[in-house]
$ cat start.pdb   # PDB, C-alpha atoms (C1' of nucleotides)
ATOM      1  CA  MET B   1       8.477   6.718 -23.059  1.00  0.00           C
ATOM      2  CA  ARG B   2      11.978   6.570 -24.463  1.00  0.00           C
ATOM      3  CA  ASP B   3      14.211   8.113 -21.850  1.00  0.00           C
ATOM      4  CA  LEU B   4      13.327   7.453 -18.220  1.00  0.00           C
ATOM      5  CA  ARG B   5      16.156   9.599 -16.916  1.00  0.00           C
ATOM      6  CA  ALA B   6      14.960  12.567 -18.932  1.00  0.00           C
ATOM      7  CA  PHE B   7      11.479  11.930 -17.600  1.00  0.00           C
ATOM      8  CA  TYR B   8      12.892  11.930 -14.087  1.00  0.00           C
ATOM      9  CA  ARG B   9      14.714  15.232 -14.654  1.00  0.00           C
ATOM     10  CA  ALA B  10      11.527  16.758 -16.048  1.00  0.00           C
ATOM     11  CA  LEU B  11       9.554  15.681 -12.992  1.00  0.00           C
ATOM     12  CA  LEU B  12      12.234  17.002 -10.677  1.00  0.00           C
ATOM     13  CA  ARG B  13      12.103  20.405 -12.349  1.00  0.00           C
ATOM     14  CA  ARG B  14       8.323  20.471 -12.154  1.00  0.00           C
ATOM     15  CA  TYR B  15       7.792  19.231  -8.604  1.00  0.00           C
ATOM     16  CA  GLY B  16      11.110  19.889  -6.905  1.00  0.00           C
ATOM     17  CA  PRO B  17      12.933  17.598  -4.445  1.00  0.00           C
ATOM     18  CA  GLN B  18      10.443  15.669  -2.324  1.00  0.00           C
ATOM     19  CA  LYS B  19      12.755  15.018   0.644  1.00  0.00           C
ATOM     20  CA  TRP B  20      11.474  11.539   1.398  1.00  0.00           C
ATOM     21  CA  TRP B  21      10.882   9.641   3.640  1.00  0.00           C
ATOM     22  CA  PRO B  22       9.000  12.032   5.947  1.00  0.00           C
ATOM     23  CA  ALA B  23      10.264  10.595   9.254  1.00  0.00           C
ATOM     24  CA  GLU B  24      12.832  11.318  11.933  1.00  0.00           C
ATOM     25  CA  GLY B  25      14.765   8.074  11.779  1.00  0.00           C
ATOM     26  CA  PRO B  26      15.004   4.600  10.223  1.00  0.00           C
ATOM     27  CA  PHE B  27      12.734   2.872  12.726  1.00  0.00           C
ATOM     28  CA  GLU B  28      10.063   5.512  12.199  1.00  0.00           C
ATOM     29  CA  VAL B  29      10.343   4.837   8.462  1.00  0.00           C
ATOM     30  CA  MET B  30       9.752   1.119   9.006  1.00  0.00           C
ATOM     31  CA  VAL B  31       6.721   1.720  11.201  1.00  0.00           C
ATOM     32  CA  GLY B  32       5.366   4.259   8.710  1.00  0.00           C
ATOM     33  CA  ALA B  33       5.866   1.819   5.837  1.00  0.00           C
ATOM     34  CA  ILE B  34       3.533  -0.662   7.522  1.00  0.00           C
ATOM     35  CA  LEU B  35       1.009   1.929   8.671  1.00  0.00           C
ATOM     36  CA  THR B  36       0.671   3.529   5.243  1.00  0.00           C
ATOM     37  CA  GLN B  37      -0.428   0.325   3.504  1.00  0.00           C
ATOM     38  CA  ASN B  38      -3.415   1.361   1.369  1.00  0.00           C
ATOM     39  CA  THR B  39      -3.864   4.408   3.572  1.00  0.00           C
ATOM     40  CA  ALA B  40      -3.520   8.171   3.145  1.00  0.00           C
ATOM     41  CA  TRP B  41      -0.322   9.483   4.702  1.00  0.00           C
ATOM     42  CA  THR B  42      -2.189  12.179   6.650  1.00  0.00           C
ATOM     43  CA  ASN B  43      -3.887   9.406   8.638  1.00  0.00           C
ATOM     44  CA  VAL B  44      -0.563   7.729   9.283  1.00  0.00           C
ATOM     45  CA  GLU B  45       0.853  10.984  10.643  1.00  0.00           C
ATOM     46  CA  LYS B  46      -1.770  11.029  13.375  1.00  0.00           C
ATOM     47  CA  ALA B  47      -0.948   7.470  14.393  1.00  0.00           C
ATOM     48  CA  ILE B  48       2.803   8.150  14.406  1.00  0.00           C
ATOM     49  CA  ALA B  49       2.282  11.282  16.494  1.00  0.00           C
ATOM     50  CA  THR B  50       0.360   9.273  19.092  1.00  0.00           C
ATOM     51  CA  LEU B  51       3.034   6.584  19.200  1.00  0.00           C
ATOM     52  CA  LYS B  52       5.716   9.222  19.532  1.00  0.00           C
ATOM     53  CA  SER B  53       4.031  11.215  22.289  1.00  0.00           C
ATOM     54  CA  ASN B  54       3.583   8.024  24.282  1.00  0.00           C
ATOM     55  CA  GLY B  55       7.159   6.880  23.831  1.00  0.00           C
ATOM     56  CA  LEU B  56       6.010   3.865  21.834  1.00  0.00           C
ATOM     57  CA  LEU B  57       8.121   4.451  18.748  1.00  0.00           C
ATOM     58  CA  ASP B  58      10.592   1.874  19.942  1.00  0.00           C
ATOM     59  CA  PRO B  59      10.874  -1.794  18.980  1.00  0.00           C
ATOM     60  CA  ARG B  60      11.025  -3.071  22.561  1.00  0.00           C
ATOM     61  CA  ARG B  61       8.038  -1.026  23.706  1.00  0.00           C
ATOM     62  CA  LEU B  62       5.989  -2.233  20.740  1.00  0.00           C
ATOM     63  CA  ASP B  63       7.048  -5.804  21.372  1.00  0.00           C
ATOM     64  CA  GLU B  64       6.023  -5.630  25.033  1.00  0.00           C
ATOM     65  CA  MET B  65       2.611  -4.016  24.672  1.00  0.00           C
ATOM     66  CA  ASP B  66      -0.506  -6.007  23.852  1.00  0.00           C
ATOM     67  CA  ALA B  67      -1.971  -5.836  20.371  1.00  0.00           C
ATOM     68  CA  GLY B  68      -5.296  -4.391  21.501  1.00  0.00           C
ATOM     69  CA  THR B  69      -3.698  -1.379  23.156  1.00  0.00           C
ATOM     70  CA  LEU B  70      -1.467  -0.835  20.162  1.00  0.00           C
ATOM     71  CA  ALA B  71      -4.486  -1.015  17.869  1.00  0.00           C
ATOM     72  CA  LEU B  72      -6.163   1.815  19.798  1.00  0.00           C
ATOM     73  CA  ALA B  73      -3.015   3.935  19.549  1.00  0.00           C
ATOM     74  CA  ILE B  74      -2.825   3.620  15.769  1.00  0.00           C
ATOM     75  CA  ARG B  75      -6.572   3.869  15.154  1.00  0.00           C
ATOM     76  CA  PRO B  76      -6.477   6.820  12.696  1.00  0.00           C
ATOM     77  CA  ALA B  77      -4.257   4.810  10.330  1.00  0.00           C
ATOM     78  CA  GLY B  78      -7.130   2.448   9.539  1.00  0.00           C
ATOM     79  CA  TYR B  79      -7.101  -1.385   9.534  1.00  0.00           C
ATOM     80  CA  PHE B  80      -5.827  -0.883  13.074  1.00  0.00           C
ATOM     81  CA  ASN B  81      -6.305  -4.474  14.252  1.00  0.00           C
ATOM     82  CA  VAL B  82      -4.489  -5.854  11.245  1.00  0.00           C
ATOM     83  CA  LYS B  83      -1.733  -3.288  11.422  1.00  0.00           C
ATOM     84  CA  ALA B  84      -1.205  -3.778  15.151  1.00  0.00           C
ATOM     85  CA  MET B  85      -0.480  -7.441  14.462  1.00  0.00           C
ATOM     86  CA  ARG B  86       1.749  -6.541  11.520  1.00  0.00           C
ATOM     87  CA  LEU B  87       3.772  -4.104  13.604  1.00  0.00           C
ATOM     88  CA  LYS B  88       4.178  -6.697  16.307  1.00  0.00           C
ATOM     89  CA  SER B  89       5.274  -9.451  13.932  1.00  0.00           C
ATOM     90  CA  PHE B  90       7.741  -7.031  12.370  1.00  0.00           C
ATOM     91  CA  VAL B  91       9.320  -5.837  15.613  1.00  0.00           C
ATOM     92  CA  ARG B  92       9.522  -9.392  16.884  1.00  0.00           C
ATOM     93  CA  TRP B  93      11.553 -10.315  13.808  1.00  0.00           C
ATOM     94  CA  PHE B  94      13.595  -7.096  14.064  1.00  0.00           C
ATOM     95  CA  LEU B  95      14.498  -7.869  17.669  1.00  0.00           C
ATOM     96  CA  ASP B  96      15.174 -11.572  17.113  1.00  0.00           C
ATOM     97  CA  ARG B  97      17.230 -11.040  13.992  1.00  0.00           C
ATOM     98  CA  PHE B  98      19.080  -7.779  14.697  1.00  0.00           C
ATOM     99  CA  ALA B  99      18.385  -7.009  18.353  1.00  0.00           C
ATOM    100  CA  GLY B 100      16.518  -3.933  17.125  1.00  0.00           C
ATOM    101  CA  ASP B 101      19.741  -2.498  15.723  1.00  0.00           C
ATOM    102  CA  VAL B 102      19.436  -0.746  12.355  1.00  0.00           C
ATOM    103  CA  GLU B 103      23.187  -0.704  11.823  1.00  0.00           C
ATOM    104  CA  ARG B 104      23.279  -4.484  12.164  1.00  0.00           C
ATOM    105  CA  MET B 105      20.415  -4.736   9.706  1.00  0.00           C
ATOM    106  CA  LYS B 106      22.345  -2.611   7.200  1.00  0.00           C
ATOM    107  CA  ARG B 107      25.221  -5.091   7.250  1.00  0.00           C
ATOM    108  CA  THR B 108      23.013  -7.746   5.665  1.00  0.00           C
ATOM    109  CA  ALA B 109      23.053  -7.855   1.852  1.00  0.00           C
ATOM    110  CA  PRO B 110      19.893  -6.259   0.393  1.00  0.00           C
ATOM    111  CA  GLY B 111      18.899  -9.272  -1.724  1.00  0.00           C
ATOM    112  CA  PRO B 112      18.745 -11.845   1.088  1.00  0.00           C
ATOM    113  CA  LEU B 113      17.382  -9.194   3.451  1.00  0.00           C
ATOM    114  CA  ARG B 114      14.484  -8.538   1.080  1.00  0.00           C
ATOM    115  CA  GLU B 115      13.599 -12.233   1.168  1.00  0.00           C
ATOM    116  CA  GLU B 116      13.705 -12.204   4.947  1.00  0.00           C
ATOM    117  CA  LEU B 117      11.467  -9.149   5.071  1.00  0.00           C
ATOM    118  CA  LEU B 118       8.958 -10.793   2.730  1.00  0.00           C
ATOM    119  CA  ALA B 119       8.769 -13.741   5.107  1.00  0.00           C
ATOM    120  CA  VAL B 120       7.517 -11.448   7.888  1.00  0.00           C
ATOM    121  CA  LYS B 121       3.713 -11.541   8.116  1.00  0.00           C
ATOM    122  CA  GLY B 122       2.356  -8.194   6.982  1.00  0.00           C
ATOM    123  CA  VAL B 123       5.394  -7.219   4.932  1.00  0.00           C
ATOM    124  CA  GLY B 124       4.810  -7.464   1.193  1.00  0.00           C
ATOM    125  CA  PRO B 125       6.974  -6.280  -1.717  1.00  0.00           C
ATOM    126  CA  GLU B 126       6.245  -2.570  -1.440  1.00  0.00           C
ATOM    127  CA  THR B 127       6.722  -2.434   2.318  1.00  0.00           C
ATOM    128  CA  ALA B 128       9.944  -4.453   2.037  1.00  0.00           C
ATOM    129  CA  ASP B 129      11.330  -2.203  -0.689  1.00  0.00           C
ATOM    130  CA  SER B 130      10.292   0.948   1.181  1.00  0.00           C
ATOM    131  CA  ILE B 131      12.192  -0.256   4.234  1.00  0.00           C
ATOM    132  CA  LEU B 132      15.234  -1.212   2.160  1.00  0.00           C
ATOM    133  CA  LEU B 133      15.349   2.085   0.272  1.00  0.00           C
ATOM    134  CA  TYR B 134      14.072   4.673   2.719  1.00  0.00           C
ATOM    135  CA  ALA B 135      15.208   3.224   6.049  1.00  0.00           C
ATOM    136  CA  LEU B 136      18.448   1.542   4.985  1.00  0.00           C
ATOM    137  CA  GLY B 137      19.463   3.397   1.824  1.00  0.00           C
ATOM    138  CA  ALA B 138      19.672   0.244  -0.312  1.00  0.00           C
ATOM    139  CA  PRO B 139      19.353   0.819  -4.092  1.00  0.00           C
ATOM    140  CA  THR B 140      15.931  -0.754  -4.579  1.00  0.00           C
ATOM    141  CA  PHE B 141      13.097   0.722  -6.629  1.00  0.00           C
ATOM    142  CA  VAL B 142       9.760   0.967  -4.835  1.00  0.00           C
ATOM    143  CA  VAL B 143       6.641   0.183  -6.853  1.00  0.00           C
ATOM    144  CA  ASP B 144       3.153   1.201  -5.804  1.00  0.00           C
ATOM    145  CA  GLN B 145      -0.281   1.833  -7.297  1.00  0.00           C
ATOM    146  CA  TYR B 146       0.820   5.205  -8.633  1.00  0.00           C
ATOM    147  CA  THR B 147       3.801   3.583 -10.326  1.00  0.00           C
ATOM    148  CA  TYR B 148       1.585   0.922 -11.858  1.00  0.00           C
ATOM    149  CA  ARG B 149      -0.951   3.391 -13.213  1.00  0.00           C
ATOM    150  CA  LEU B 150       1.664   5.781 -14.516  1.00  0.00           C
ATOM    151  CA  ALA B 151       3.639   2.971 -16.171  1.00  0.00           C
ATOM    152  CA  THR B 152       0.630   1.260 -17.758  1.00  0.00           C
ATOM    153  CA  ARG B 153      -1.044   4.426 -18.985  1.00  0.00           C
ATOM    154  CA  HIS B 154       2.079   5.963 -20.426  1.00  0.00           C
ATOM    155  CA  GLY B 155       3.352   2.964 -22.304  1.00  0.00           C
ATOM    156  CA  LEU B 156       6.120   1.678 -20.058  1.00  0.00           C
ATOM    157  CA  VAL B 157       4.675  -1.747 -19.325  1.00  0.00           C
ATOM    158  CA  ALA B 158       1.700  -3.908 -20.272  1.00  0.00           C
ATOM    159  CA  GLU B 159      -1.521  -3.823 -18.260  1.00  0.00           C
ATOM    160  CA  ASP B 160      -0.883  -7.251 -16.786  1.00  0.00           C
ATOM    161  CA  ALA B 161       2.563  -6.358 -15.472  1.00  0.00           C
ATOM    162  CA  GLY B 162       3.177  -7.456 -11.899  1.00  0.00           C
ATOM    163  CA  TYR B 163       5.189  -5.900  -9.096  1.00  0.00           C
ATOM    164  CA  ASP B 164       8.475  -7.514 -10.052  1.00  0.00           C
ATOM    165  CA  ASP B 165       8.000  -6.668 -13.737  1.00  0.00           C
ATOM    166  CA  LEU B 166       7.648  -2.985 -12.903  1.00  0.00           C
ATOM    167  CA  LYS B 167      10.533  -3.022 -10.472  1.00  0.00           C
ATOM    168  CA  GLU B 168      12.768  -4.603 -13.083  1.00  0.00           C
ATOM    169  CA  VAL B 169      11.780  -2.113 -15.784  1.00  0.00           C
ATOM    170  CA  PHE B 170      12.701   0.856 -13.615  1.00  0.00           C
ATOM    171  CA  GLU B 171      15.894  -0.651 -12.241  1.00  0.00           C
ATOM    172  CA  THR B 172      17.281  -1.860 -15.564  1.00  0.00           C
ATOM    173  CA  ARG B 173      16.316   1.260 -17.493  1.00  0.00           C
ATOM    174  CA  LEU B 174      17.625   3.633 -14.838  1.00  0.00           C
ATOM    175  CA  ARG B 175      20.585   1.646 -13.555  1.00  0.00           C
ATOM    176  CA  GLY B 176      20.635   4.190 -10.793  1.00  0.00           C
ATOM    177  CA  ASP B 177      21.635   4.554  -7.181  1.00  0.00           C
ATOM    178  CA  ALA B 178      19.587   4.763  -3.994  1.00  0.00           C
ATOM    179  CA  ARG B 179      19.481   8.548  -4.236  1.00  0.00           C
ATOM    180  CA  LEU B 180      17.848   8.424  -7.685  1.00  0.00           C
ATOM    181  CA  TYR B 181      15.367   5.679  -6.742  1.00  0.00           C
ATOM    182  CA  ASN B 182      14.465   7.593  -3.602  1.00  0.00           C
ATOM    183  CA  GLU B 183      13.638  10.803  -5.411  1.00  0.00           C
ATOM    184  CA  PHE B 184      12.022   9.154  -8.427  1.00  0.00           C
ATOM    185  CA  HIS B 185       9.526   7.136  -6.428  1.00  0.00           C
ATOM    186  CA  ALA B 186       8.636  10.184  -4.340  1.00  0.00           C
ATOM    187  CA  LEU B 187       8.096  12.194  -7.530  1.00  0.00           C
ATOM    188  CA  ILE B 188       5.835   9.500  -8.957  1.00  0.00           C
ATOM    189  CA  VAL B 189       3.686   9.786  -5.838  1.00  0.00           C
ATOM    190  CA  ALA B 190       3.627  13.568  -6.294  1.00  0.00           C
ATOM    191  CA  VAL B 191       2.430  13.075  -9.873  1.00  0.00           C
ATOM    192  CA  GLY B 192      -0.145  10.566  -8.688  1.00  0.00           C
ATOM    193  CA  LYS B 193      -1.792  13.143  -6.486  1.00  0.00           C
ATOM    194  CA  GLU B 194      -2.886  15.108  -9.546  1.00  0.00           C
ATOM    195  CA  CYS B 195      -2.802  12.574 -12.385  1.00  0.00           C
ATOM    196  CA  CYS B 196      -3.395   8.927 -13.121  1.00  0.00           C
ATOM    197  CA  ARG B 197      -6.294   8.532 -10.702  1.00  0.00           C
ATOM    198  CA  PRO B 198      -7.913   5.071 -10.479  1.00  0.00           C
ATOM    199  CA  VAL B 199     -10.721   6.110 -12.799  1.00  0.00           C
ATOM    200  CA  ALA B 200      -9.334   8.710 -15.118  1.00  0.00           C
ATOM    201  CA  ARG B 201      -8.647   9.243 -18.747  1.00  0.00           C
ATOM    202  CA  CYS B 202      -4.971   9.954 -19.127  1.00  0.00           C
ATOM    203  CA  GLU B 203      -5.345  11.020 -22.763  1.00  0.00           C
ATOM    204  CA  SER B 204      -5.893  14.591 -21.661  1.00  0.00           C
ATOM    205  CA  CYS B 205      -4.517  14.592 -18.135  1.00  0.00           C
ATOM    206  CA  PRO B 206      -2.013  17.254 -16.991  1.00  0.00           C
ATOM    207  CA  LEU B 207       0.834  14.753 -17.032  1.00  0.00           C
ATOM    208  CA  ARG B 208       0.117  13.789 -20.650  1.00  0.00           C
ATOM    209  CA  ARG B 209       0.173  17.435 -21.693  1.00  0.00           C
ATOM    210  CA  PHE B 210       3.311  18.043 -19.694  1.00  0.00           C
ATOM    211  CA  LEU B 211       5.004  15.064 -21.332  1.00  0.00           C
ATOM    212  CA  ALA B 212       3.877  16.095 -24.805  1.00  0.00           C
ATOM    213  CA  ARG B 213       5.225  19.585 -24.258  1.00  0.00           C
ATOM    214  CA  ARG B 214       8.593  18.117 -23.387  1.00  0.00           C
ATOM    215  CA  GLY B 215       8.625  15.749 -26.337  1.00  0.00           C
ATOM    216  CA  PHE B 216       7.961  12.412 -24.609  1.00  0.00           C
TER     217      PHE B 216
ATOM    218  C1'  DT S   1     -21.974  11.337  -0.433  1.00  0.00           C
ATOM    219  C1'  DG S   2     -19.239   8.220  -2.189  1.00  0.00           C
ATOM    220  C1'  DC S   3     -14.636   7.539  -3.653  1.00  0.00           C
ATOM    221  C1'  DC S   4     -10.063   7.170  -2.534  1.00  0.00           C
ATOM    222  C1'  DA S   5      -5.579   6.545  -0.030  1.00  0.00           C
ATOM    223  C1'  DG S   6       2.241   5.349  -0.727  1.00  0.00           C
ATOM    224  C1'  DG S   7      -1.082  -3.183   0.573  1.00  0.00           C
ATOM    225  C1'  DC S   8      -1.262  -7.638   2.264  1.00  0.00           C
ATOM    226  C1'  DC S   9      -3.202 -12.039   3.630  1.00  0.00           C
ATOM    227  C1'  DG S  10      -5.821 -16.259   3.278  1.00  0.00           C
ATOM    228  C1'  DG S  11      -8.916 -19.106   0.961  1.00  0.00           C
ATOM    229  C1'  DG S  12     -10.797 -20.503  -3.282  1.00  0.00           C
ATOM    230  C1'  DT S  13     -10.402 -21.604  -8.243  1.00  0.00           C
TER     231       DT S  13
ATOM    232  C1'  DA L   1      -0.484 -18.862 -10.741  1.00  0.00           C
ATOM    233  C1'  DC L   2      -4.099 -15.589 -10.392  1.00  0.00           C
ATOM    234  C1'  DC L   3      -8.564 -13.722  -8.242  1.00  0.00           C
ATOM    235  C1'  DC L   4     -11.277 -11.994  -4.591  1.00  0.00           C
ATOM    236  C1'  DG L   5     -13.158 -10.475  -0.052  1.00  0.00           C
ATOM    237  C1'  DG L   6     -11.797  -8.506   4.119  1.00  0.00           C
ATOM    238  C1'  DC L   7      -9.614  -5.076   6.730  1.00  0.00           C
ATOM    239  C1'  DA L   8     -11.190   0.896   8.552  1.00  0.00           C
ATOM    240  C1'  DT L   9     -10.202   5.709   9.186  1.00  0.00           C
ATOM    241  C1'  DG L  10     -10.388  10.548   7.560  1.00  0.00           C
ATOM    242  C1'  DG L  11     -10.366  14.130   3.737  1.00  0.00           C
ATOM    243  C1'  DC L  12     -12.372  16.030  -0.166  1.00  0.00           C
TER     244       DC L  12
END

$ encode --input "start.pdb" --output "structure tokens"
Amino acid sequence: MRDLRAFYRALLRRYGPQKWWPAEGPFEVMVGAILTQNTAWTNVEKAIATLKSNGLLDPRRLDEMDAGTLALAIRPAGYFNVKAMRLKSFVRWFLDRFAGDVERMKRTAPGPLREELLAVKGVGPETADSILLYALGAPTFVVDQYTYRLATRHGLVAEDAGYDDLKEVFETRLRGDARLYNEFHALIVAVGKECCRPVARCESCPLRRFLARRGF
DNA sequence: TGCCAGGCCGGGT
DNA sequence: ACCCGGCATGGC
């Protein structure tokens, strides 16, 4: 793939603006980022709806409640015991560090903030980058399984590329802003829903044909 | 009916 | 520095 920006424009024409992240506010994005770990978004929606209808979509409420009760509330999101603990460790850090204030969080430089996020139990690279990009608007490219499969099967990176390798490839080749990274990642997920499945031959997949038609 | 979904952690090599 | 098992629900 020679021109990533052209690829992006092609995807945008094909799929249209994705309007990510599907949430009402920054804190909802952060909660969703943890809940959607290895989980279909439709399941996360159910969990978020329950939290919302019970007034629990609030850092202080989550911090106060016990993990078992929280686990029951987020049950449809899967791994509910694990994720209850992850939500609690995250909000504890969020309250300690920024008093639960997103604006205060935004004033911290993205680089150091990413390291701090990674130190929170239950927050790995994708969750950290999702929070930085989609909750705070920081120019950080989010890598996920779809990104990995698309990039390896369409000649962007080697099979053994790791998270940071992929992130670097996209950021250096795009040299874009938060707006571009936001839309591009969302488009990659849209592609992933019809192409580049875990077990699939990409030689004749719709994306390959689409790319060939456009000269990639 | 399995396979899959917008990962991450902890323990073992 | 990898590699692997565990974690769990819901949709197709």

$ resolve_selection --input "start.pdb" --expression "the PyMOL selection byres ((chain S) within 12 of (chain B))" --output "list in words"
DC3, DC4, DA5, DG6, DG7, DC8, DC9 and DG10 of chain S

$ atom_distance --input "start.pdb" --atom1 "atom CA of Phe210 of chain B" --atom2 "atom CA of Asp164 of chain B"
27.8 Å

$ interface_residues --input "start.pdb" --of "chain B" --to "chain L" --cutoff "8 Å" --atoms "all atoms listed in the file" --output "list in words"
Asn43, Arg75, Pro76, Ala77, Gly78, Tyr79, Phe80 and Val82 of chain B

$ atom_distance --input "start.pdb" --atom1 "atom CA of Phe170 of chain B" --atom2 "atom CA of Phe141 of chain B"
7.0 Å

$ resolve_selection --input "start.pdb" --expression "the PyMOL selection byres ((chain B and resi 31) around 12)" --output "PyMOL selection string"
chain B and resi 21-30+32-37+44-45+47-49+51-52+56-59+62+74+77+83-84+86-91+94+122-123+127-128+130-131+134-135

$ atom_distance --input "start.pdb" --atom1 "atom CA of Leu156 of chain B" --atom2 "atom CA of Val169 of chain B"
8.0 Å

$ resolve_selection --input "start.pdb" --expression "the PyMOL selection byres ((chain B and resi 9-14) around 10)" --output "PyMOL selection string"
chain B and resi 4-8+15-18+183-184+186-188+190-191+207+210-211+214

$ residues_around --input "start.pdb" --residues "Cys196 of chain B" --least-positions-apart "3" --cutoff "8 Å" --atoms "all atoms listed in the file" --output "list in words"
Tyr146, Arg149, Leu150, Arg153, Val191, Gly192, Val199, Ala200, Arg201, Cys202 and Cys205 of chain B

$ axis_aligned_box --input "start.pdb" --around "segment 3-12 of chain L" --padding-each-side "8 Å" --output "JSON"
{"center_x": -10.9, "center_y": 1.2, "center_z": 0.5, "size_x": 20.6, "size_y": 45.8, "size_z": 33.4}

$ closest_residue --input "start.pdb" --among "B:Leu166, B:Arg173, B:Pro110, B:Leu95" --to "Glu64 of chain B" --atoms "only C-alpha atoms"
B:Leu95
